[in-house]
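The data block below is my_file_35.cif; it holds mmCIF, C-alpha atoms.
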data_input
#
loop_
_atom_site.label_atom_id
_atom_site.label_comp_id
_atom_site.auth_asym_id
_atom_site.auth_seq_id
_atom_site.Cartn_x
_atom_site.Cartn_y
_atom_site.Cartn_z
CA MET A 1 0.00 0.00 0.00
CA ASP A 2 0.99 3.64 -0.20
CA SER A 3 3.22 5.25 2.43
CA VAL A 4 0.40 7.24 4.05
CA SER A 5 -1.71 4.12 4.61
CA GLN A 6 1.21 2.25 6.13
CA LEU A 7 2.13 5.19 8.37
CA VAL A 8 -1.36 5.64 9.82
CA LEU A 9 -1.89 1.87 10.12
CA GLY A 10 1.33 1.65 12.12
CA SER A 11 0.22 4.55 14.31
CA ALA A 12 -3.20 3.01 14.92
CA VAL A 13 -1.77 -0.42 15.78
CA GLY A 14 0.90 1.17 17.97
CA TYR A 15 -1.70 3.13 19.92
CA ALA A 16 -3.91 0.06 20.30
CA VAL A 17 -1.12 -1.80 22.11
CA LEU A 18 0.81 1.02 23.80
CA GLY A 19 -1.57 3.95 24.04
CA ASN A 20 -2.61 3.38 27.64
CA LYS A 21 1.07 3.27 28.65
CA ILE A 22 2.83 6.00 26.67
CA GLY A 23 -0.09 7.95 25.22
CA ARG A 24 0.48 9.91 22.01
CA LYS A 25 4.10 8.76 21.77
CA ALA A 26 2.63 5.45 20.60
CA LEU A 27 1.49 7.20 17.42
CA LEU A 28 5.05 8.26 16.59
CA VAL A 29 6.47 4.85 17.44
CA GLY A 30 3.86 3.18 15.27
CA ALA A 31 4.49 5.56 12.39
CA ALA A 32 8.24 4.91 12.54
CA TYR A 33 8.03 1.11 12.64
CA GLY A 34 5.11 1.15 10.19
CA THR A 35 7.34 2.91 7.67
CA LEU A 36 10.47 0.86 8.35
CA PRO A 37 9.82 -2.13 6.00
CA ASP A 38 9.47 0.13 2.96
CA LEU A 39 12.94 1.57 3.47
CA ASP A 40 14.17 -1.37 1.40
CA VAL A 41 13.53 0.89 -1.60
CA LEU A 42 16.75 2.67 -0.60
CA ILE A 43 18.73 -0.51 -1.21
CA ASN A 44 20.20 -1.10 -4.65
CA PHE A 45 19.89 -4.84 -5.19
CA GLY A 46 21.97 -4.73 -8.36
CA GLY A 47 19.79 -3.34 -11.13
CA ASP A 48 16.28 -2.35 -12.20
CA VAL A 49 15.03 -5.94 -12.40
CA GLU A 50 16.56 -6.93 -9.06
CA ASN A 51 15.10 -3.83 -7.38
CA PHE A 52 11.71 -4.81 -8.80
CA VAL A 53 11.67 -8.45 -7.71
CA TYR A 54 13.48 -8.06 -4.36
CA HIS A 55 11.33 -5.18 -3.08
CA ARG A 56 9.00 -6.40 -0.33
CA GLY A 57 11.44 -9.20 0.35
CA PHE A 58 13.33 -9.67 3.62
CA SER A 59 11.98 -6.47 5.17
CA HIS A 60 8.40 -7.73 4.71
CA SER A 61 8.98 -11.27 5.94
CA LEU A 62 6.91 -12.36 8.93
CA LEU A 63 9.74 -14.71 9.85
CA VAL A 64 12.20 -11.81 9.95
CA HIS A 65 9.73 -9.80 12.03
CA VAL A 66 9.60 -12.59 14.62
CA PHE A 67 13.35 -12.27 15.18
CA ALA A 68 13.63 -8.50 14.66
CA ALA A 69 10.82 -7.48 17.05
CA PRO A 70 12.57 -8.53 20.33
CA ILE A 71 15.79 -6.84 19.20
CA PHE A 72 14.00 -3.56 18.49
CA ALA A 73 12.08 -3.98 21.76
CA TRP A 74 15.33 -4.39 23.71
CA LEU A 75 16.64 -1.19 22.13
CA MET A 76 13.42 0.65 23.01
CA CYS A 77 13.77 -0.42 26.65
CA LYS A 78 17.09 1.43 26.76
CA LEU A 79 15.20 4.72 26.34
CA LYS A 80 14.18 6.25 29.65
CA TRP A 81 10.69 7.35 28.54
CA ALA A 82 9.97 3.85 27.17
CA GLN A 83 10.82 1.89 30.31
CA SER A 84 7.25 2.02 31.61
CA VAL A 85 6.47 -0.64 28.99
CA SER A 86 7.69 -4.20 29.52
CA LEU A 87 9.99 -5.95 27.07
CA VAL A 88 7.23 -8.43 26.21
CA ARG A 89 4.76 -5.67 25.45
CA TRP A 90 7.28 -3.78 23.32
CA THR A 91 8.02 -6.98 21.43
CA THR A 92 4.32 -7.62 20.84
CA ALA A 93 3.68 -4.05 19.68
CA ILE A 94 6.60 -3.92 17.27
CA PHE A 95 5.82 -7.33 15.80
CA LEU A 96 2.19 -6.34 15.22
CA ILE A 97 3.18 -3.05 13.60
CA LEU A 98 5.69 -4.70 11.26
CA SER A 99 3.52 -7.70 10.43
CA THR A 100 0.35 -5.72 9.71
CA HIS A 101 2.40 -3.63 7.28
CA ALA A 102 3.45 -6.80 5.43
CA ILE A 103 -0.02 -8.35 5.52
CA LEU A 104 -1.62 -5.17 4.17
CA ASP A 105 0.92 -5.10 1.32
CA SER A 106 0.06 -8.71 0.52
CA LEU A 107 -3.52 -7.61 -0.20
CA THR A 108 -2.29 -5.70 -3.26
CA VAL A 109 -1.25 -7.24 -6.58
CA TYR A 110 2.49 -6.45 -6.46
CA GLY A 111 3.60 -9.41 -4.35
CA THR A 112 5.03 -9.68 -0.83
CA GLN A 113 7.54 -12.31 0.27
CA LEU A 114 5.90 -13.08 3.61
CA LEU A 115 7.94 -16.25 4.20
CA TRP A 116 11.41 -15.12 3.09
CA PRO A 117 13.94 -16.84 3.24
CA VAL A 118 12.04 -20.14 3.47
CA SER A 119 10.10 -19.14 0.35
CA THR A 120 10.47 -16.21 -2.03
CA HIS A 121 6.94 -16.61 -3.37
CA PRO A 122 5.41 -13.11 -3.79
CA PHE A 123 2.03 -13.40 -2.05
CA GLY A 124 -0.53 -11.01 -3.53
CA LEU A 125 -4.23 -11.47 -2.88
CA SER A 126 -4.97 -8.46 -5.11
CA ASN A 127 -8.16 -7.29 -3.42
CA LEU A 128 -7.04 -3.69 -2.77
CA PHE A 129 -5.56 -1.08 -5.08
CA ILE A 130 -2.29 0.37 -3.82
CA ILE A 131 -4.10 3.62 -2.94
CA ASP A 132 -7.64 3.29 -1.61
CA PRO A 133 -9.03 6.27 0.32
CA LEU A 134 -11.89 4.25 1.81
CA TYR A 135 -9.39 1.95 3.53
CA THR A 136 -7.10 4.73 4.69
CA LEU A 137 -9.59 7.42 5.75
CA PRO A 138 -10.76 5.77 9.01
CA LEU A 139 -7.13 5.39 10.09
CA ILE A 140 -6.33 9.03 9.25
CA VAL A 141 -9.36 10.15 11.28
CA SER A 142 -8.20 8.03 14.20
CA VAL A 143 -4.65 9.41 14.15
CA ILE A 144 -5.87 13.02 13.88
CA ILE A 145 -8.27 12.65 16.82
CA LEU A 146 -5.71 10.80 18.96
CA SER A 147 -3.19 13.56 18.30
CA PHE A 148 -5.45 15.95 20.19
CA ILE A 149 -6.45 13.60 23.02
CA LYS A 150 -3.87 13.88 25.77
CA HIS A 151 -5.41 12.59 28.97
CA LYS A 152 -8.44 10.54 27.84
CA ARG A 153 -6.43 7.48 26.85
CA GLN A 154 -9.24 4.98 27.43
CA LEU A 155 -11.55 6.97 25.17
CA GLY A 156 -8.79 7.20 22.60
CA GLN A 157 -8.17 3.44 22.63
CA THR A 158 -11.89 2.71 22.23
CA LEU A 159 -12.23 5.09 19.32
CA ASN A 160 -9.04 3.84 17.72
CA GLY A 161 -10.19 0.24 18.08
CA TRP A 162 -13.48 0.90 16.33
CA LEU A 163 -11.86 2.76 13.44
CA LEU A 164 -9.33 -0.06 13.02
CA ILE A 165 -12.28 -2.45 12.80
CA VAL A 166 -14.01 -0.25 10.19
CA SER A 167 -10.86 -0.16 8.06
CA SER A 168 -10.37 -3.91 8.41
CA LEU A 169 -14.00 -4.63 7.50
CA TYR A 170 -13.53 -2.65 4.30
CA ALA A 171 -10.53 -4.84 3.43
CA CYS A 172 -12.64 -7.93 4.14
CA TRP A 173 -15.43 -6.57 1.95
CA SER A 174 -12.97 -6.18 -0.92
CA ILE A 175 -12.10 -9.89 -0.68
CA GLY A 176 -15.78 -10.71 -1.13
CA GLY A 177 -15.98 -8.28 -4.04
CA LYS A 178 -13.02 -9.96 -5.72
CA PHE A 179 -14.56 -13.41 -5.30
CA TYR A 180 -17.78 -12.20 -6.95
CA ILE A 181 -15.97 -10.42 -9.80
CA ASP A 182 -13.75 -13.42 -10.53
CA ASN A 183 -16.82 -15.64 -10.84
CA GLN A 184 -18.45 -13.15 -13.21
CA ILE A 185 -15.35 -12.76 -15.38
CA ASN A 186 -14.74 -16.51 -15.55
CA GLN A 187 -18.34 -16.94 -16.71
CA ARG A 188 -17.82 -14.27 -19.39
CA LEU A 189 -14.63 -15.94 -20.62
CA SER A 190 -16.35 -19.31 -20.67
CA ASN A 191 -19.25 -17.90 -22.69
CA GLU A 192 -16.76 -16.61 -25.26
CA GLY A 193 -14.84 -19.89 -25.39
CA ILE A 194 -11.68 -18.26 -24.02
CA VAL A 195 -9.33 -20.51 -22.06
CA ALA A 196 -6.87 -18.45 -20.03
CA ILE A 197 -3.38 -19.71 -19.29
CA ASP A 198 -3.00 -17.27 -16.39
CA TYR A 199 -5.50 -14.86 -14.87
CA GLU A 200 -5.65 -12.16 -12.21
CA SER A 201 -8.02 -9.36 -11.24
CA THR A 202 -7.36 -6.22 -9.25
CA PRO A 203 -9.43 -3.15 -8.33
CA THR A 204 -9.06 -0.10 -10.53
CA PRO A 205 -7.60 3.01 -8.84
CA PHE A 206 -9.17 4.34 -5.64
CA ASN A 207 -12.19 2.00 -5.46
CA THR A 208 -13.42 -1.60 -5.20
CA LEU A 209 -16.45 -1.25 -7.48
CA LEU A 210 -14.71 -1.53 -10.86
CA TRP A 211 -12.14 -4.26 -11.40
CA ARG A 212 -9.52 -4.84 -14.10
CA GLY A 213 -8.67 -8.38 -15.09
CA ILE A 214 -5.88 -9.86 -17.18
CA ALA A 215 -6.23 -13.21 -18.93
CA THR A 216 -3.26 -14.45 -20.95
CA THR A 217 -3.45 -16.79 -23.94
CA SER A 218 -0.81 -18.30 -26.21
CA ASP A 219 -0.79 -15.34 -28.59
CA GLY A 220 -1.81 -12.39 -26.45
CA HIS A 221 -3.92 -11.28 -23.54
CA TYR A 222 -7.32 -9.91 -22.69
CA GLU A 223 -7.68 -6.72 -20.68
CA ILE A 224 -11.00 -7.01 -18.86
CA TYR A 225 -13.14 -4.45 -17.03
CA ALA A 226 -15.98 -5.58 -14.79
CA SER A 227 -18.14 -3.55 -12.44
CA LEU A 228 -20.03 -4.97 -9.50
CA PHE A 229 -23.12 -3.56 -11.25
CA ASP A 230 -22.43 -5.35 -14.56
CA ASP A 231 -24.33 -8.30 -15.90
CA VAL A 232 -22.02 -10.98 -17.27
CA SER A 233 -22.72 -9.79 -20.82
CA ASP A 234 -21.71 -6.21 -19.86
CA ILE A 235 -18.14 -7.18 -18.93
CA SER A 236 -15.66 -5.54 -21.32
CA LEU A 237 -13.06 -7.66 -23.12
CA TYR A 238 -10.20 -6.14 -25.14
CA PHE A 239 -7.68 -8.40 -26.86
CA TYR A 240 -4.06 -7.40 -27.51
CA LYS A 241 -1.50 -9.49 -29.36
CA THR A 242 1.95 -9.93 -27.89
CA GLN A 243 5.06 -11.68 -29.17
CA PRO A 244 6.22 -14.19 -26.53
CA ASN A 245 8.22 -16.00 -29.23
CA LEU A 246 10.69 -13.10 -29.12
CA LEU A 247 12.01 -14.54 -25.87
CA ASP A 248 13.41 -17.47 -27.85
CA ALA A 249 15.60 -15.09 -29.87
CA ILE A 250 17.10 -13.36 -26.84
CA PRO A 251 20.24 -14.79 -25.18
CA ASP A 252 19.33 -16.59 -21.96
CA ASP A 253 19.50 -14.45 -18.82
CA ARG A 254 18.48 -15.18 -15.23
CA ARG A 255 16.67 -11.84 -15.09
CA ILE A 256 14.13 -13.04 -17.63
CA SER A 257 13.34 -16.01 -15.39
CA GLN A 258 13.07 -13.67 -12.41
CA LEU A 259 10.59 -11.45 -14.25
CA THR A 260 8.40 -14.28 -15.55
CA ALA A 261 8.27 -15.90 -12.11
CA PHE A 262 7.59 -12.68 -10.19
CA THR A 263 4.76 -11.65 -12.53
CA LYS A 264 3.25 -15.16 -12.22
CA GLY A 265 3.01 -15.50 -15.98
CA LEU A 266 1.06 -12.26 -16.39
CA TYR A 267 3.45 -10.48 -18.72
CA GLY A 268 3.51 -9.20 -22.28
CA ILE A 269 6.38 -9.16 -24.76
CA TYR A 270 6.38 -6.36 -27.32
CA GLN A 271 8.69 -5.08 -30.04
CA GLN A 272 8.79 -1.29 -30.17
CA ASP A 273 11.05 0.15 -32.84
CA ASN A 274 14.34 -1.69 -32.27
CA LYS A 275 13.60 -2.68 -28.65
CA VAL A 276 12.09 -5.83 -27.16
CA LEU A 277 10.02 -4.90 -24.12
CA PHE A 278 8.76 -6.91 -21.15
CA SER A 279 5.69 -5.49 -19.35
CA ASP A 280 4.09 -6.61 -16.10
CA LEU A 281 0.43 -6.72 -17.15
CA ARG A 282 -0.87 -6.59 -13.58
CA MET A 283 -0.06 -2.93 -12.93
CA GLY A 284 -1.10 -0.14 -15.25
CA ILE A 285 -3.18 -0.33 -18.41
CA GLU A 286 -2.48 -1.45 -21.96
CA GLY A 287 -0.06 1.04 -23.48
CA ALA A 288 1.05 2.38 -20.10
CA TYR A 289 2.35 -0.35 -17.81
CA VAL A 290 4.11 0.76 -14.62
CA PHE A 291 6.85 -1.85 -14.88
CA THR A 292 8.31 -2.24 -18.37
CA PHE A 293 11.88 -3.38 -19.03
CA VAL A 294 14.01 -3.37 -22.18
CA LEU A 295 15.17 -6.97 -22.69
CA ALA A 296 17.03 -6.59 -25.98
CA GLU A 297 17.73 -4.35 -28.93
CA THR A 298 17.92 -5.33 -32.58
CA ASP A 299 20.51 -4.46 -35.21
CA ASN A 300 21.73 -5.98 -38.44
CA ASN A 301 23.20 -8.89 -36.51
CA GLY A 302 19.94 -9.83 -34.79
CA TYR A 303 18.97 -9.48 -31.14
CA LYS A 304 21.44 -8.11 -28.63
CA LYS A 305 20.72 -8.38 -24.91
CA SER A 306 20.31 -4.96 -23.26
CA ALA A 307 20.96 -3.77 -19.72
CA PHE A 308 17.34 -4.58 -18.72
CA GLN A 309 16.69 -0.96 -17.84
CA ARG A 310 13.22 0.03 -16.69
CA LEU A 311 11.19 2.46 -18.80
CA SER A 312 9.11 5.20 -17.19
CA ASN A 313 5.60 4.72 -18.54
CA ARG A 314 2.77 5.41 -16.11
CA PRO A 315 -0.94 5.82 -16.93
CA GLN A 316 -2.20 9.38 -17.30
CA LEU A 317 -4.30 10.65 -14.39
CA SER A 318 -6.41 12.57 -16.89
CA GLN A 319 -8.07 9.24 -17.77
CA ALA A 320 -9.17 8.56 -14.18
CA GLY A 321 -12.59 10.07 -14.77
CA LEU A 322 -13.41 7.40 -17.34
CA ILE A 323 -12.83 4.72 -14.72
CA PHE A 324 -15.47 6.16 -12.42
CA ASP A 325 -17.87 6.62 -15.35
CA ARG A 326 -17.40 2.96 -16.26
CA ILE A 327 -18.54 1.80 -12.80
CA PHE A 328 -22.16 2.54 -13.65
CA ASP A 329 -22.04 2.66 -17.46
CA PRO A 330 -20.86 -0.50 -19.25
CA THR A 331 -20.96 1.31 -22.62
CA ILE A 332 -17.87 3.35 -21.64
CA ASP A 333 -14.96 2.17 -23.81
CA LEU A 334 -11.71 1.82 -21.86
CA SER A 335 -9.76 0.17 -24.66
CA LEU A 336 -6.38 1.41 -25.84
CA LYS A 337 -8.01 2.58 -29.07
CA ALA A 338 -10.47 4.75 -27.15
CA ARG A 339 -7.75 6.20 -24.92
CA ILE A 340 -5.58 7.36 -27.81
CA GLY A 341 -8.57 8.78 -29.65
CA ASP A 342 -8.40 6.68 -32.81
#
What does the file become when written as structure tokens?
Amino acid sequence: MDSVSQLVLGSAVGYAVLGNKIGRKALLVGAAYGTLPDLDVLINFGGDVENFVYHRGFSHSLLVHVFAAPIFAWLMCKLKWAQSVSLVRWTTAIFLILSTHAILDSLTVYGTQLLWPVSTHPFGLSNLFIIDPLYTLPLIVSVIILSFIKHKRQLGQTLNGWLLIVSSLYACWSIGGKFYIDNQINQRLSNEGIVAIDYESTPTPFNTLLWRGIATTSDGHYEIYASLFDDVSDISLYFYKTQPNLLDAIPDDRRISQLTAFTKGLYGIYQQDNKVLFSDLRMGIEGAYVFTFVLAETDNNGYKKSAFQRLSNRPQLSQAGLIFDRIFDPTIDLSLKARIGD
């Protein structure tokens, strides 16, 4: 999730465990430890591909949190103002702050290595968009109110607890929404005789009412849009050809295997001018994928492996209005052709 969501979640969890002991300081402690796992973005793992696949790795592992929490707790107990809290309680608080960060991230599509180093599988339930105001707003309200409550700690903990529940219920609701949407999309694909090799759905930006699906086939992929208000026949299907055979012409490289594994098969291979591109189909939209890498370049001698650099190619925010229109109007065309005005 985004940094603001993780910060306020950490603050809310910190206050829930420590608020009656250290008051508003628990908000700052929670914010600090709630932000800590994402500092792995400051680490250069060796290149653009490595930074992509190793993000949300060791720093997001629940197994690492089990061992790190008592160490951080011991350090906290060295601070004079923190000694009113026992080592066990500090350990519990820090573990919960770190682990809820990782679990929340695993609800998005990117992928979180919750069991590193035992497993590097990138868990991603994909029931929340990376920024969802309806999830974050209750936590922001809680943190703001708690910032002004100095002496009424019991009231603050009660209020904070309820707003944590509201936020969590929204996340649970989104899981139910995904289950419903997946059933609808699978029915639509079945009706069209489409057999997907790999499939995933994720909410479109800032909501859980309109969902975007990706279904890959042997010669391309379908970009799918489905609203909770759609009938099965209203679900939008847009097919785009890709060129996976280009991978056979590129010299073997471990980074290609890393990319195909991390994206769980949901990738597209394109040739653009003299470049062979790899796009993660899960994040972005057709024509503007967030994670696109240059695998090779062509010249008179054929395909030459490139440095696997990442291209900057994000969707335009000016198109966001169409997404909200599509929630209630299945006639809205979200295809690449419509977006470029052809």
Requested in this report: Can you work out the spacing between atom CA of Thr292 of chain A and atom CA of Arg310 of chain A in Å, to one decimal?
Outcome: 5.7 Å
Report task. Record the distance separating atom CA of Phe291 of chain A and atom CA of Phe324 of chain A, expressed in Å with one decimal. Result ->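 Pair atom CA of Phe291 of chain A / atom CA of Phe324 of chain A returns 23.8 Å.
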Give me, as a Markdown table, the closest atom pair and its distance (Å, one decimal) for every residue of segment 142-241 of chain A within a cut-off of 8 Å of segment 248-270 of chain A, counting all atoms listed in the file, rows sorted by chain and rising number.
| residue | atom | partner | partner_atom | distance |
| --- | --- | --- | --- | --- |
| A:Asp198 | CA | A:Gly265 | CA | 6.3 |
| A:Tyr199 | CA | A:Leu266 | CA | 7.2 |
| A:Glu200 | CA | A:Leu266 | CA | 7.9 |
| A:Ile214 | CA | A:Leu266 | CA | 7.4 |
| A:Ala215 | CA | A:Leu266 | CA | 7.8 |
| A:Thr216 | CA | A:Leu266 | CA | 6.7 |
| A:Gly220 | CA | A:Gly268 | CA | 7.5 |
| A:His221 | CA | A:Gly268 | CA | 7.8 |
Sorted by chain and rising residue number, which residues of segment 49-153 of chain A lie within 6 Å of segment 15-39 of chain A, and what are their closest atom pairs and distances in Å to one decimal, counting only C-alpha atoms, as CSV?
residue,atom,partner,partner_atom,distance
A:Ser59,CA,A:Pro37,CA,4.9
A:His60,CA,A:Pro37,CA,5.9
A:Ala93,CA,A:Val17,CA,5.8
A:Ile97,CA,A:Gly34,CA,5.7
A:Leu98,CA,A:Gly34,CA,6.0
A:Arg153,CA,A:Asn20,CA,5.7
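Comparing the minimum interatomic distances between Gly124 of chain A and each of A:Ile175, A:Ala12, A:Leu79, A:Ile235, counting all atoms listed in the file, we find that A:Ile175 sits nearest.
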Requested in this report: Mind listing whatever residues come within 12 Å of the point (16.9, -0.7, 26.2)? Use only C-alpha atoms, file coordinates, and give them as a list in words.
Outcome: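 In the file's frame, the residues around the point are Pro70, Ile71, Phe72, Ala73, Trp74, Leu75, Met76, Cys77, Lys78, Leu79, Lys80, Trp81, Ala82, Gln83, Ser84, Val85, Ser86, Leu87, Trp90 and Thr91 of chain A.
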Name all residues at most 10 Å from segment 302-307 of chain A (count only C-alpha atoms; drop same-chain ones fewer than 3 positions away) and give them as an mmCIF file with C-alpha atoms, keeping the file's coordinate frame.
data_model
loop_
_atom_site.group_PDB
_atom_site.id
_atom_site.type_symbol
_atom_site.label_atom_id
_atom_site.label_comp_id
_atom_site.auth_asym_id
_atom_site.auth_seq_id
_atom_site.Cartn_x
_atom_site.Cartn_y
_atom_site.Cartn_z
ATOM 1 C CA GLY A 47 19.790 -3.340 -11.130
ATOM 2 C CA ASP A 48 16.280 -2.350 -12.200
ATOM 3 C CA VAL A 49 15.030 -5.940 -12.400
ATOM 4 C CA LEU A 246 10.690 -13.100 -29.120
ATOM 5 C CA ALA A 249 15.600 -15.090 -29.870
ATOM 6 C CA ILE A 250 17.100 -13.360 -26.840
ATOM 7 C CA PRO A 251 20.240 -14.790 -25.180
ATOM 8 C CA ASP A 252 19.330 -16.590 -21.960
ATOM 9 C CA ASP A 253 19.500 -14.450 -18.820
ATOM 10 C CA ASN A 274 14.340 -1.690 -32.270
ATOM 11 C CA LYS A 275 13.600 -2.680 -28.650
ATOM 12 C CA VAL A 276 12.090 -5.830 -27.160
ATOM 13 C CA PHE A 293 11.880 -3.380 -19.030
ATOM 14 C CA VAL A 294 14.010 -3.370 -22.180
ATOM 15 C CA LEU A 295 15.170 -6.970 -22.690
ATOM 16 C CA ALA A 296 17.030 -6.590 -25.980
ATOM 17 C CA GLU A 297 17.730 -4.350 -28.930
ATOM 18 C CA THR A 298 17.920 -5.330 -32.580
ATOM 19 C CA ASP A 299 20.510 -4.460 -35.210
ATOM 20 C CA ARG A 310 13.220 0.030 -16.690
#
Query raised in the report: How would you write, as a PyMOL selection string, the residues chosen by the PyMOL selection byres ((chain A and resi 213) around 10) on this structure?
Result: chain A and resi 181-182+185+199-204+211-212+214-215+222-226+236-237+281-282
Could the residues in this selection be written to a file with C-alpha atoms, as a short mmCIF file (atom, residue, chain, number, x, y, z; two decimals), keeping the file's coordinate frame?
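Dumped to again_12.cif:
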data_model
loop_
_atom_site.label_atom_id
_atom_site.label_comp_id
_atom_site.auth_asym_id
_atom_site.auth_seq_id
_atom_site.Cartn_x
_atom_site.Cartn_y
_atom_site.Cartn_z
CA ILE A 181 -15.97 -10.42 -9.80
CA ASP A 182 -13.75 -13.42 -10.53
CA ILE A 185 -15.35 -12.76 -15.38
CA TYR A 199 -5.50 -14.86 -14.87
CA GLU A 200 -5.65 -12.16 -12.21
CA SER A 201 -8.02 -9.36 -11.24
CA THR A 202 -7.36 -6.22 -9.25
CA PRO A 203 -9.43 -3.15 -8.33
CA THR A 204 -9.06 -0.10 -10.53
CA TRP A 211 -12.14 -4.26 -11.40
CA ARG A 212 -9.52 -4.84 -14.10
CA ILE A 214 -5.88 -9.86 -17.18
CA ALA A 215 -6.23 -13.21 -18.93
CA TYR A 222 -7.32 -9.91 -22.69
CA GLU A 223 -7.68 -6.72 -20.68
CA ILE A 224 -11.00 -7.01 -18.86
CA TYR A 225 -13.14 -4.45 -17.03
CA ALA A 226 -15.98 -5.58 -14.79
CA SER A 236 -15.66 -5.54 -21.32
CA LEU A 237 -13.06 -7.66 -23.12
CA LEU A 281 0.43 -6.72 -17.15
CA ARG A 282 -0.87 -6.59 -13.58
#
Query - Atomic distance atom CA of Leu139 of chain A - atom CA of Leu163 of chain A, expressed in Å with one decimal - result: 6.4 Å
Query raised in the report: Could you pull the residues within 9 Å of segment 125-137 of chain A, counting all atoms listed in the file, minus those fewer than 6 positions along the same chain, as a PyMOL selection string?
Result: chain A and resi 1-2+4-6+8-9+104-111+166-172+174-178+200-208
Query raised in the report: Given the choices A:Gln243, A:Asn191, A:Ser147, A:Thr331, which gets closest to Ser227 of chain A if the distance is worked out from all atoms listed in the file?
Result: A:Thr331
Requested in this report: Starting from the point (-19.3, 3.3, -14.0), work out which residues of protein, DNA or RNA have an atom no more than 10 Å away when counting only C-alpha atoms; state them as a list in words.
Outcome: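 Checking each residue against the 10 Å limit leaves Leu209, Leu210, Ala226, Ser227, Leu228, Phe229, Asp230, Gly321, Leu322, Ile323, Phe324, Asp325, Arg326, Ile327, Phe328, Asp329, Pro330, Thr331 and Ile332 of chain A.
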Some atoms are missing, so please complete segment 59-76 of chain A with N, CA and C atoms and return it as a PDB file, keeping the file's coordinate frame.
ATOM      1  N   SER A  59      12.528  -7.457   4.234  1.00  0.00           N
ATOM      2  CA  SER A  59      11.980  -6.470   5.170  1.00  0.00           C
ATOM      3  C   SER A  59      10.490  -6.674   5.429  1.00  0.00           C
ATOM      4  N   HIS A  60       9.835  -7.466   4.568  1.00  0.00           N
ATOM      5  CA  HIS A  60       8.400  -7.730   4.710  1.00  0.00           C
ATOM      6  C   HIS A  60       8.114  -9.154   5.164  1.00  0.00           C
ATOM      7  N   SER A  61       9.147  -9.876   5.540  1.00  0.00           N
ATOM      8  CA  SER A  61       8.980 -11.270   5.940  1.00  0.00           C
ATOM      9  C   SER A  61       8.481 -11.383   7.373  1.00  0.00           C
ATOM     10  N   LEU A  62       7.421 -12.132   7.572  1.00  0.00           N
ATOM     11  CA  LEU A  62       6.910 -12.360   8.930  1.00  0.00           C
ATOM     12  C   LEU A  62       7.925 -13.118   9.769  1.00  0.00           C
ATOM     13  N   LEU A  63       8.715 -13.959   9.120  1.00  0.00           N
ATOM     14  CA  LEU A  63       9.740 -14.710   9.850  1.00  0.00           C
ATOM     15  C   LEU A  63      10.846 -13.775  10.343  1.00  0.00           C
ATOM     16  N   VAL A  64      11.223 -12.813   9.520  1.00  0.00           N
ATOM     17  CA  VAL A  64      12.200 -11.810   9.950  1.00  0.00           C
ATOM     18  C   VAL A  64      11.633 -10.964  11.083  1.00  0.00           C
ATOM     19  N   HIS A  65      10.358 -10.621  10.991  1.00  0.00           N
ATOM     20  CA  HIS A  65       9.730  -9.800  12.030  1.00  0.00           C
ATOM     21  C   HIS A  65       9.743 -10.498  13.387  1.00  0.00           C
ATOM     22  N   VAL A  66       9.576 -11.838  13.369  1.00  0.00           N
ATOM     23  CA  VAL A  66       9.600 -12.590  14.620  1.00  0.00           C
ATOM     24  C   VAL A  66      10.934 -12.410  15.339  1.00  0.00           C
ATOM     25  N   PHE A  67      12.020 -12.404  14.586  1.00  0.00           N
ATOM     26  CA  PHE A  67      13.350 -12.270  15.180  1.00  0.00           C
ATOM     27  C   PHE A  67      13.735 -10.804  15.413  1.00  0.00           C
ATOM     28  N   ALA A  68      13.245  -9.906  14.549  1.00  0.00           N
ATOM     29  CA  ALA A  68      13.630  -8.500  14.660  1.00  0.00           C
ATOM     30  C   ALA A  68      12.888  -7.799  15.803  1.00  0.00           C
ATOM     31  N   ALA A  69      11.633  -8.178  16.059  1.00  0.00           N
ATOM     32  CA  ALA A  69      10.820  -7.480  17.050  1.00  0.00           C
ATOM     33  C   ALA A  69      11.462  -7.464  18.444  1.00  0.00           C
ATOM     34  N   PRO A  70      11.954  -8.590  19.001  1.00  0.00           N
ATOM     35  CA  PRO A  70      12.570  -8.530  20.330  1.00  0.00           C
ATOM     36  C   PRO A  70      13.854  -7.708  20.358  1.00  0.00           C
ATOM     37  N   ILE A  71      14.573  -7.660  19.245  1.00  0.00           N
ATOM     38  CA  ILE A  71      15.790  -6.840  19.200  1.00  0.00           C
ATOM     39  C   ILE A  71      15.430  -5.357  19.266  1.00  0.00           C
ATOM     40  N   PHE A  72      14.461  -4.950  18.447  1.00  0.00           N
ATOM     41  CA  PHE A  72      14.000  -3.560  18.490  1.00  0.00           C
ATOM     42  C   PHE A  72      13.401  -3.230  19.865  1.00  0.00           C
ATOM     43  N   ALA A  73      12.681  -4.201  20.445  1.00  0.00           N
ATOM     44  CA  ALA A  73      12.080  -3.980  21.760  1.00  0.00           C
ATOM     45  C   ALA A  73      13.159  -3.756  22.826  1.00  0.00           C
ATOM     46  N   TRP A  74      14.216  -4.551  22.766  1.00  0.00           N
ATOM     47  CA  TRP A  74      15.330  -4.390  23.710  1.00  0.00           C
ATOM     48  C   TRP A  74      15.949  -3.007  23.583  1.00  0.00           C
ATOM     49  N   LEU A  75      16.092  -2.530  22.361  1.00  0.00           N
ATOM     50  CA  LEU A  75      16.640  -1.190  22.130  1.00  0.00           C
ATOM     51  C   LEU A  75      15.691  -0.118  22.679  1.00  0.00           C
ATOM     52  N   MET A  76      14.387  -0.320  22.493  1.00  0.00           N
ATOM     53  CA  MET A  76      13.420   0.650  23.010  1.00  0.00           C
ATOM     54  C   MET A  76      13.494   0.740  24.526  1.00  0.00           C
TER      55      MET A  76
END
